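Everything on this sheet refers to the single structure shown next.
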Amino acid sequence: MPRRPNLSRTLFLIVLCLCCHIAGSITSAAEGIAAVLEAQQRRIDTIRQASMAAVAIFAGEAGGGSGVLVSADGYALTNFHVVQPAGLAMKCGLSDGRVYDAVLVGLDPTGDVSLIKLVGRQDFPFAEFADSDRVAVGDFCFAAGNPFLLATDFQPSISAGIVSGTHRYQFPAGTILEYADCLQVDAAINPGNSGGALFDADGRIIGVNGRASFEKRGRVNVGVGYAISANQLRNFFGFLKGGRLVDHATLGATAATSEDGRVVVSDILESSDAYRRGLRYDDEIVSLSGRSIRTVNAFKNILGTLPAGWRVPLVYRRSGRRVEIFVRLASVHAAAQLAAIVSGGDPSAEQPQRPVPQKPQHPDDPQQPKQLAGKPPVASLPQSLRGLYEERSGFANHHFNTVERNRVAQMIAGRGMFNAHAGAWIFTGRLATGEPFRIELSDERGLIDLPTGTTTVDATGDLDANPSPPGSGGMLAALILWRRLLREGPGSLGRTAYWGTAPLESAPRGAPTLLVDVLETSVSAVESRFSVGPSGRVLAVDLWISSDADPCDIRFLKPLASDPLEMPGVIEVYHGNELFGTFIVEAASLKTIDAPIDNDAKKKAAAESGEASGAVLGDSASATRGES
Amino acid sequence: MRPVLRRCAMRTVLWVAIASAVGIGVATRPSRAATPEETIAGAARKVVKLYGAGGVRGLEAYQTGILVSAEGQIVTVMSTVLDSDEIACVLDDGRRFPATLLGMDPRRELAVLTIAGEDLPFFALNELDRVAVGTRIFALSNLFGVAVGDERVSVQHGIVSATVPLEARRGAYEAPYQGDVYVLDCTTNNPGSPGGALIDWRGRLIGVLGKELRANDSGIWLNYALPADEVWRGVRDIRAGETQPEIRESTVKAFDPLLLGLVLVPDLLDKTPPFIESILPGSAAAATHLQPDDLLIAVGGKSVASRFAVQRALGVLAEGDPVRLAVVRNGTIMDMDLGPRPSEAQK
């Protein structure tokens, strides 16, 4: 008997232990369920949030599709093939149950993208972009859209799935509707989903749905949909916002896989920038725009995400030697051809048909792109859209170019009172070689003193075909226009338009590409582009003294520390493959109104230049930038 | 004595308690499971893109294969893609190898190919138990041929909807395999998908995507996979050099060429050569350059020596399949395309 208590105690403890065991299991099971419920709630919330940015586009008899809001002031992305039949104006339903008028802003027929703007609010719900290059196969994703135009109450239909493939290439129909570097998903993409966003698990936009592989089973989802990548959309967004009819890029060279599996140049136009920069037939293309190329698809993918006119790094290999060049990409289409496509011309008629191994199919069936509904007279636009459309060739809606141009002009003007400095702007310092230089810019003239001589340009006259100083491709003309832009604004530079956005080449490698605004101007035959940073500082000028010449590229680096106007501390000037010179500015002096011109300097300059003015400058300051 | 005992008992209980507590801890703390992205990336390295014969309408020249040995044995499904002396195999890393056919299992419609590889990642085959209905799956395949070179095959997700005996056909052929298959809730029945890998969320190979087949009853395209244990048996048999008898052709129903507008010479002999007697106006045949006295030599790429062979060869095609004929006229071979085969009901 004396043992009994002990035994029962032991038993009790064992039972207690078991209870703990069971309780533990129950607790962990409960925790598991809670985690599942929490994940589900998070998904529901994310989808609800994303749904608010989804747009149901109704184009009356012309059908409709989907879109996604990307800004609080109502800019929304959709497909070109959704907007094309709708024309200039469309009705857009949001998940709040209300209908808003929207106007066409920009078109990218090649990339099958268009930008529209909803009006009536400044606080539209919108979604953010994600970095689509970080999307992995297997990631959860969902589409919010208007399949089969079911969303009569404007609540988008949600289809969920996973990312099935990344960096996919889908051949274009003729020369447009090319899906390069797109995302492939098994979320259901059906007719009407076109133009809607593909979201990631956090409700950020990773793409815009617009295409699917069907074949054999009719025009319904077979778990193979394609979305235009967010990163491509970001590249083109500035151009679209500028009301443009945007074109895609060509290198002026084609690529093919060689027998030993390298991607090589199989054909190249001698008129292309790539050829002028040194690329030749049979060179191996190693990388383009910082991405390595191992298949022809990869080459097409990268090219397909880039706007015409961008300058991008290209690395090629010849006889074992790697060479890096910067290549300016040309347009795929002639401007008139693109306009003809948008207005319903036959795109394939003017270009040789490219091989189409797989029928490109769009949920909304633009087998042959339909005509952009005849542009109605502005008077027929809804009241809310009056004043938001202006017709001009080369533009989808020129009104928005003016809006963007004025925005950039304000940014520049916001930098400081340049206008007060009506006198000469004088920059002195040393070249990379240590030799001194002096630059003087005024309303009357531009002057540069270099160790090799002095060059002057008359700023009051025509700057056409003036490459001074020799070898620079037009450095003085570019600086004169730069000063004019800062002092008097874009209106002083002849025809000035908002061009779009472009990456800054001076950005460090591997850093996320910063896209900056670019203004484009033409003063008689001289064309130039001014890159303007987010703070309104002009960061670069590219200037063509004639259309067939290589431009003079000027970079304004490192603003002078003590200068409230942030004049450049370093000016780099490139022409062709050459670095013309690096000008390290030690002092910048901006004379105010009616400041007398420094007569001593003038005399000295005149004496030094003498007859030598205009003589060919040596290339003491030049360095090879790539290979010629 | 007693206190000692008690202490002993106490200690035992304590140890049990600690041990079980630790046990609980170990059992309930999951080692970090691979993310779906990692699982897919791992499995995709063992899936290859195959290129062979085909390219004509309705028949793709590409499909999918699965590496099942480090030395480069690849299991795939039997198809016309393999009817080529030159089968190319592209690995996940973009390397391209010529593949040779090791053997076939006609009953399960599996084939094993070999490439000259070494140290390749592969799926270990074994007699894996069937997975339960509702198991979450990924299907990896070379669908629509969208991935080329080192581009990764496509991945779809879904669940096993059912495990049922296969009752299906391709054209007039009944599928020779009539054992269990996994029916899937995602559309895996796409061009190029056959031979693709069905994996679970742990990355185990649980099946091989089957060729394009329609259900016997409904005519609906099936999304299905051959379970891993059947694949294991098939590969074992092929490796052992055992092959089973050819596909039963008895199920082929003859198709009357008259439905295409072709009147052949009367079937007088046992092997009447298939000369064209006349062509019905307004028929599919009339839309081509076929003429009376042309001698039919091939239907759908298969040679035909008799009237009966023509009827059978047409019968092999399914409704809607392209009808392609080759005829001889004045010593010249000419190809004719009669468009899609009509149904027999149009009689």
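Naming scheme: A, B, ... for chains in displayed order of the structure tokens; residues 1 onward per chain; ligands 1 onward as shown.
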
For Lys271 of chain B: contacts at 9 Å, only C-alpha atoms, fewer than 3 positions along chain excluded, given as a short mmCIF file (atom, residue, chain, number, x, y, z; two decimals) with C-alpha atoms, in the first residue's frame:
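What follows is the written file out19.cif:
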data_model
loop_
_atom_site.label_atom_id
_atom_site.label_comp_id
_atom_site.auth_asym_id
_atom_site.auth_seq_id
_atom_site.Cartn_x
_atom_site.Cartn_y
_atom_site.Cartn_z
CA ASP B 267 -12.29 -2.74 -106.28
CA LEU B 268 -12.05 -5.77 -108.50
CA PRO B 274 -5.86 3.17 -106.00
CA ALA B 305 -0.72 0.29 -102.12
CA SER B 306 -4.38 -0.55 -102.48
CA ARG B 307 -7.87 0.83 -102.36
CA PHE B 308 -8.33 -0.79 -98.99
CA ALA B 309 -5.16 0.83 -97.68
#

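Once Cys141 of chain A and its same-chain neighbours fewer than 6 positions away are set aside, A:Ser159, A:Ala160, A:Gly161, A:Ile162, A:Val163, A:Val185, A:Ala187, A:Leu198, A:Phe199, A:Asp200, A:Ala201, A:Gly203, A:Ile206 remain within 9 Å of it when counting only C-alpha atoms.
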
Just-selected residues, C-alpha atoms written as an mmCIF file, in the first residue's frame:
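Output saved as again_33.cif:
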data_model
loop_
_atom_site.group_PDB
_atom_site.id
_atom_site.type_symbol
_atom_site.label_atom_id
_atom_site.label_comp_id
_atom_site.auth_asym_id
_atom_site.auth_seq_id
_atom_site.Cartn_x
_atom_site.Cartn_y
_atom_site.Cartn_z
ATOM 1 C CA SER A 159 -8.256 34.746 -62.092
ATOM 2 C CA ALA A 160 -5.358 33.410 -60.092
ATOM 3 C CA GLY A 161 -2.417 31.337 -61.148
ATOM 4 C CA ILE A 162 1.322 31.102 -61.187
ATOM 5 C CA VAL A 163 3.980 32.573 -63.387
ATOM 6 C CA VAL A 185 1.018 32.759 -66.760
ATOM 7 C CA ALA A 187 -4.025 32.319 -64.692
ATOM 8 C CA LEU A 198 -1.266 41.006 -63.875
ATOM 9 C CA PHE A 199 -0.557 41.507 -60.190
ATOM 10 C CA ASP A 200 1.941 39.857 -57.873
ATOM 11 C CA ALA A 201 1.141 38.559 -54.394
ATOM 12 C CA GLY A 203 -0.900 43.593 -55.493
ATOM 13 C CA ILE A 206 4.060 42.915 -62.888
#

Proximal residues of chain B relative to chain A (only C-alpha atoms; 6 Å) as a VMD selection string: chain B and resid 17 36 to 37 154 to 156 187

Those residues you just picked out, can you put them in a file as a compact mmCIF listing (two decimals), in the first residue's frame with N, CA and C atoms?
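Saved to result_13.txt:
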# COMPACT_ATOMS: atom_id res chain seq x y z
N ALA B 17 8.88 12.99 -20.11
CA ALA B 17 8.25 14.28 -20.42
C ALA B 17 9.15 15.12 -21.31
N PRO B 36 7.78 27.07 -53.58
CA PRO B 36 7.38 26.56 -54.89
C PRO B 36 8.36 26.96 -55.99
N GLU B 37 8.89 28.19 -55.89
CA GLU B 37 9.85 28.65 -56.90
C GLU B 37 11.09 27.76 -56.92
N SER B 154 7.69 25.65 -69.55
CA SER B 154 6.57 26.32 -68.88
C SER B 154 6.07 25.49 -67.71
N VAL B 155 5.51 26.19 -66.75
CA VAL B 155 5.01 25.53 -65.55
C VAL B 155 3.55 25.92 -65.33
N GLN B 156 2.72 24.93 -65.08
CA GLN B 156 1.33 25.20 -64.74
C GLN B 156 1.05 24.56 -63.39
N THR B 187 -4.99 22.82 -67.76
CA THR B 187 -4.92 22.45 -69.17
C THR B 187 -3.49 22.07 -69.53

For Ala56 of chain A: contacts at 10 Å, only C-alpha atoms, fewer than 4 positions along chain excluded, given as a list in words: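 Skipping anything fewer than 4 positions along the chain leaves Gly64, Gly65, Ser66, Gly67, Val68, Lys91, Cys92, Gly93, Leu94, Ser95, Val99, Ala144, Gly145, Asn146, Pro147, Leu149, Leu150, Ala151, Thr152, Asp153, Phe154, Gln155, Pro156, Gly192, Asn193, Gly195 and Gly196 of chain A.
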
Shell of 6 Å around segment 222-224 of chain B, only C-alpha atoms, local chain residues under 5 positions omitted, as an MDAnalysis selection string: chainID B and resid 182:184 187:189 213:214

DSSP strand (DSSP E) residues within segment 116-206 of chain B, as a ChimeraX atom specification: /B:136-141,154-165,168-170,173-174,180-184,197-200,205-206

Would you save the residues of that selection, restricted to C-alpha atoms, as a short mmCIF file (atom, residue, chain, number, x, y, z; two decimals), in the first residue's frame?
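Contents of out_7.cif, as written:
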data_model
loop_
_atom_site.label_atom_id
_atom_site.label_comp_id
_atom_site.auth_asym_id
_atom_site.auth_seq_id
_atom_site.Cartn_x
_atom_site.Cartn_y
_atom_site.Cartn_z
CA ARG B 136 -1.32 19.81 -55.51
CA ILE B 137 0.84 19.50 -58.60
CA PHE B 138 3.01 21.42 -61.00
CA ALA B 139 3.18 20.41 -64.65
CA LEU B 140 6.41 21.29 -66.46
CA SER B 141 6.43 21.07 -70.22
CA SER B 154 6.57 26.32 -68.88
CA VAL B 155 5.01 25.53 -65.55
CA GLN B 156 1.33 25.20 -64.74
CA HIS B 157 -0.29 24.45 -61.43
CA GLY B 158 -3.30 22.43 -60.40
CA ILE B 159 -4.44 19.38 -58.52
CA VAL B 160 -5.04 15.72 -59.23
CA SER B 161 -8.80 15.68 -59.83
CA ALA B 162 -9.28 11.95 -60.20
CA THR B 163 -7.47 8.66 -60.68
CA VAL B 164 -9.40 6.69 -63.30
CA PRO B 165 -8.80 4.17 -66.08
CA ALA B 168 -9.61 7.71 -74.79
CA ARG B 169 -8.59 7.81 -78.42
CA ARG B 170 -6.53 9.73 -80.85
CA TYR B 173 -7.03 4.71 -82.58
CA GLU B 174 -8.12 3.73 -79.16
CA ASP B 180 -5.21 4.32 -64.36
CA VAL B 181 -4.23 7.87 -65.12
CA TYR B 182 -4.26 11.04 -63.06
CA VAL B 183 -6.83 13.47 -64.42
CA LEU B 184 -5.70 17.05 -63.83
CA ALA B 197 6.86 16.18 -65.82
CA LEU B 198 4.10 16.10 -63.24
CA ILE B 199 5.60 16.86 -59.85
CA ASP B 200 4.20 17.37 -56.39
CA LEU B 205 8.05 13.08 -60.10
CA ILE B 206 4.54 11.69 -59.75
#

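Scanning segment 84-286 of chain B with DSSP on the backbone, the alpha helix (DSSP H) assignments fall on B:Ala228, B:Asp229, B:Glu230, B:Val231, B:Trp232, B:Arg233, B:Gly234, B:Val235, B:Arg236, B:Asp237, B:Ile238, B:Arg239.
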
Nearby residues (only C-alpha atoms) at most 9 Å from Leu481 of chain A, same-chain spacing under 6 positions excluded, as a VMD selection string: chain A and resid 459 492 to 493 528

Contact residues around Val299 of chain B with only C-alpha atoms at 7 Å, ignoring same-chain residues under 5 positions, as a list in words: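 Once the adjacent positions are removed, what remains is Val304, Val310, Ala313, Leu314, Arg324, Leu325 and Ala326 of chain B.
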
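Between atom CA of Glu319 of chain B and atom CA of Ala254 of chain B there is a distance of 12.8 Å.
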
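The space separating atom CA of Phe299 of chain A from atom CA of Asn209 of chain A comes to 22.2 Å.
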